[in-house]
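Novice: Sharing a structure here in structure tokens format.
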Amino acid sequence: MNVIEYIEEKHQLVLSKEVQDYINDLKEVEGYILPYMYEDLAILKGCGKCMVFTSIEYPNTCDWVELNFGFVNIYTHHFFSRYRKRRPFYNHLNVRCNPMDKLLSVIHVLWNLKAYLTIPGEDVVGFLNTENQAFYLCEDGIIPVTFLSPTIIRCNTFISSDLLSKEQGQFWYNAYKDLSNQNK
């Protein structure tokens, strides 16, 4: 089984009635994120939110796969490395040596990431120097993505807002502000 087939199988499992019933029955505590497991799925539930993940293991690294709703997002090791480097909120965590600290940083990033998928039109061509490059807009910057299938998106890297050119920065600011206002 290749990676795409594995992810599609896990996505179908998450969307199944059995798993949805399991998730709905999980306890939720105000102000806490509780971790649960179902087979090889990691489920985080709390604060009125639920996220389901699995991982793809490689030698010396792994990618995290968010299996919620319509799109599946693969967050690569490179994405997390760039996010930690460009948004150093985790100075107190030892993500190089301590697996628990690495896991805590992954949970913190993904739990708090509010990203909006943007598929560029003609007025945005070349925004990221790649024609028709889709990306997520988030409050900290831009996440360029690649569609691996109609429902699977790989988050390639993270570009913080301070690395954008003046024109890119203005577009990012206006677009993110509009999208976040629409989704309140």
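Numbering starts fresh at 1 for the residues of each chain in the structure tokens, the chains themselves are lettered A, B, ... in the order given, and ligands are numbered from 1 as they appear.
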Excluding Ser160 in chain A and residues on its chain fewer than 2 positions from it, collect all residues at most 7 Å away from it, counting only C-alpha atoms, and give them as a count of residues only.
Specialist: 7
Novice: Quick one: everything within 12 Å of Leu26 in chain A, counting only C-alpha atoms, minus sequence neighbours fewer than 4 positions away in the same chain. Send it as a PDB file with N, CA and C atoms, in the first residue's frame.
Specialist:
ATOM      1  N   VAL A  19     -16.409   5.487  13.885  1.00  0.00           N
ATOM      2  CA  VAL A  19     -15.450   6.422  14.483  1.00  0.00           C
ATOM      3  C   VAL A  19     -16.149   7.720  14.882  1.00  0.00           C
ATOM      4  N   GLN A  20     -17.076   8.186  14.071  1.00  0.00           N
ATOM      5  CA  GLN A  20     -17.800   9.410  14.424  1.00  0.00           C
ATOM      6  C   GLN A  20     -18.587   9.218  15.719  1.00  0.00           C
ATOM      7  N   ASP A  21     -19.213   8.051  15.890  1.00  0.00           N
ATOM      8  CA  ASP A  21     -19.915   7.757  17.146  1.00  0.00           C
ATOM      9  C   ASP A  21     -18.937   7.713  18.315  1.00  0.00           C
ATOM     10  N   TYR A  22     -17.777   7.093  18.108  1.00  0.00           N
ATOM     11  CA  TYR A  22     -16.743   7.027  19.148  1.00  0.00           C
ATOM     12  C   TYR A  22     -16.314   8.434  19.569  1.00  0.00           C
ATOM     13  N   ILE A  33      -7.245  20.002  26.615  1.00  0.00           N
ATOM     14  CA  ILE A  33      -7.232  19.167  25.415  1.00  0.00           C
ATOM     15  C   ILE A  33      -6.926  17.752  25.887  1.00  0.00           C
ATOM     16  N   LEU A  34      -7.853  16.833  25.657  1.00  0.00           N
ATOM     17  CA  LEU A  34      -7.664  15.460  26.086  1.00  0.00           C
ATOM     18  C   LEU A  34      -7.262  14.590  24.893  1.00  0.00           C
ATOM     19  N   PRO A  35      -6.223  13.762  25.058  1.00  0.00           N
ATOM     20  CA  PRO A  35      -5.816  12.861  23.977  1.00  0.00           C
ATOM     21  C   PRO A  35      -6.518  11.509  24.092  1.00  0.00           C
ATOM     22  N   TYR A  36      -6.942  10.977  22.963  1.00  0.00           N
ATOM     23  CA  TYR A  36      -7.556   9.655  22.890  1.00  0.00           C
ATOM     24  C   TYR A  36      -6.932   8.909  21.718  1.00  0.00           C
ATOM     25  N   MET A  37      -7.054   7.604  21.729  1.00  0.00           N
ATOM     26  CA  MET A  37      -6.568   6.770  20.632  1.00  0.00           C
ATOM     27  C   MET A  37      -7.708   5.899  20.121  1.00  0.00           C
ATOM     28  N   TYR A  38      -7.709   5.691  18.820  1.00  0.00           N
ATOM     29  CA  TYR A  38      -8.614   4.736  18.194  1.00  0.00           C
ATOM     30  C   TYR A  38      -7.787   4.053  17.114  1.00  0.00           C
ATOM     31  N   ILE A  43      -6.600  11.218  18.594  1.00  0.00           N
ATOM     32  CA  ILE A  43      -7.748  12.119  18.629  1.00  0.00           C
ATOM     33  C   ILE A  43      -7.521  13.112  19.765  1.00  0.00           C
ATOM     34  N   LEU A  44      -7.603  14.386  19.435  1.00  0.00           N
ATOM     35  CA  LEU A  44      -7.499  15.447  20.436  1.00  0.00           C
ATOM     36  C   LEU A  44      -8.856  16.117  20.526  1.00  0.00           C
ATOM     37  N   LYS A  45      -9.397  16.194  21.742  1.00  0.00           N
ATOM     38  CA  LYS A  45     -10.720  16.793  21.913  1.00  0.00           C
ATOM     39  C   LYS A  45     -10.698  17.719  23.109  1.00  0.00           C
ATOM     40  N   GLY A  46     -11.270  18.898  22.936  1.00  0.00           N
ATOM     41  CA  GLY A  46     -11.376  19.848  24.023  1.00  0.00           C
ATOM     42  C   GLY A  46     -11.680  21.235  23.517  1.00  0.00           C
ATOM     43  N   GLY A  48     -14.294  22.687  22.756  1.00  0.00           N
ATOM     44  CA  GLY A  48     -15.259  22.737  21.662  1.00  0.00           C
ATOM     45  C   GLY A  48     -14.690  22.350  20.309  1.00  0.00           C
ATOM     46  N   LYS A  49     -13.577  21.662  20.299  1.00  0.00           N
ATOM     47  CA  LYS A  49     -12.891  21.332  19.053  1.00  0.00           C
ATOM     48  C   LYS A  49     -12.422  19.878  19.095  1.00  0.00           C
ATOM     49  N   CYS A  50     -12.331  19.241  17.928  1.00  0.00           N
ATOM     50  CA  CYS A  50     -11.822  17.885  17.843  1.00  0.00           C
ATOM     51  C   CYS A  50     -10.951  17.772  16.600  1.00  0.00           C
TER      52      CYS A  50
END
Novice: Could you name the residues that touch Leu113 in chain A at 12 Å or less, counting only C-alpha atoms, but leaving out those on the same chain fewer than 6 positions away, as JSON, numbers by chain?
Specialist: {"A": [51, 66, 75, 83, 105, 106, 107, 136, 137, 138, 139, 140, 141, 142, 143, 158]}
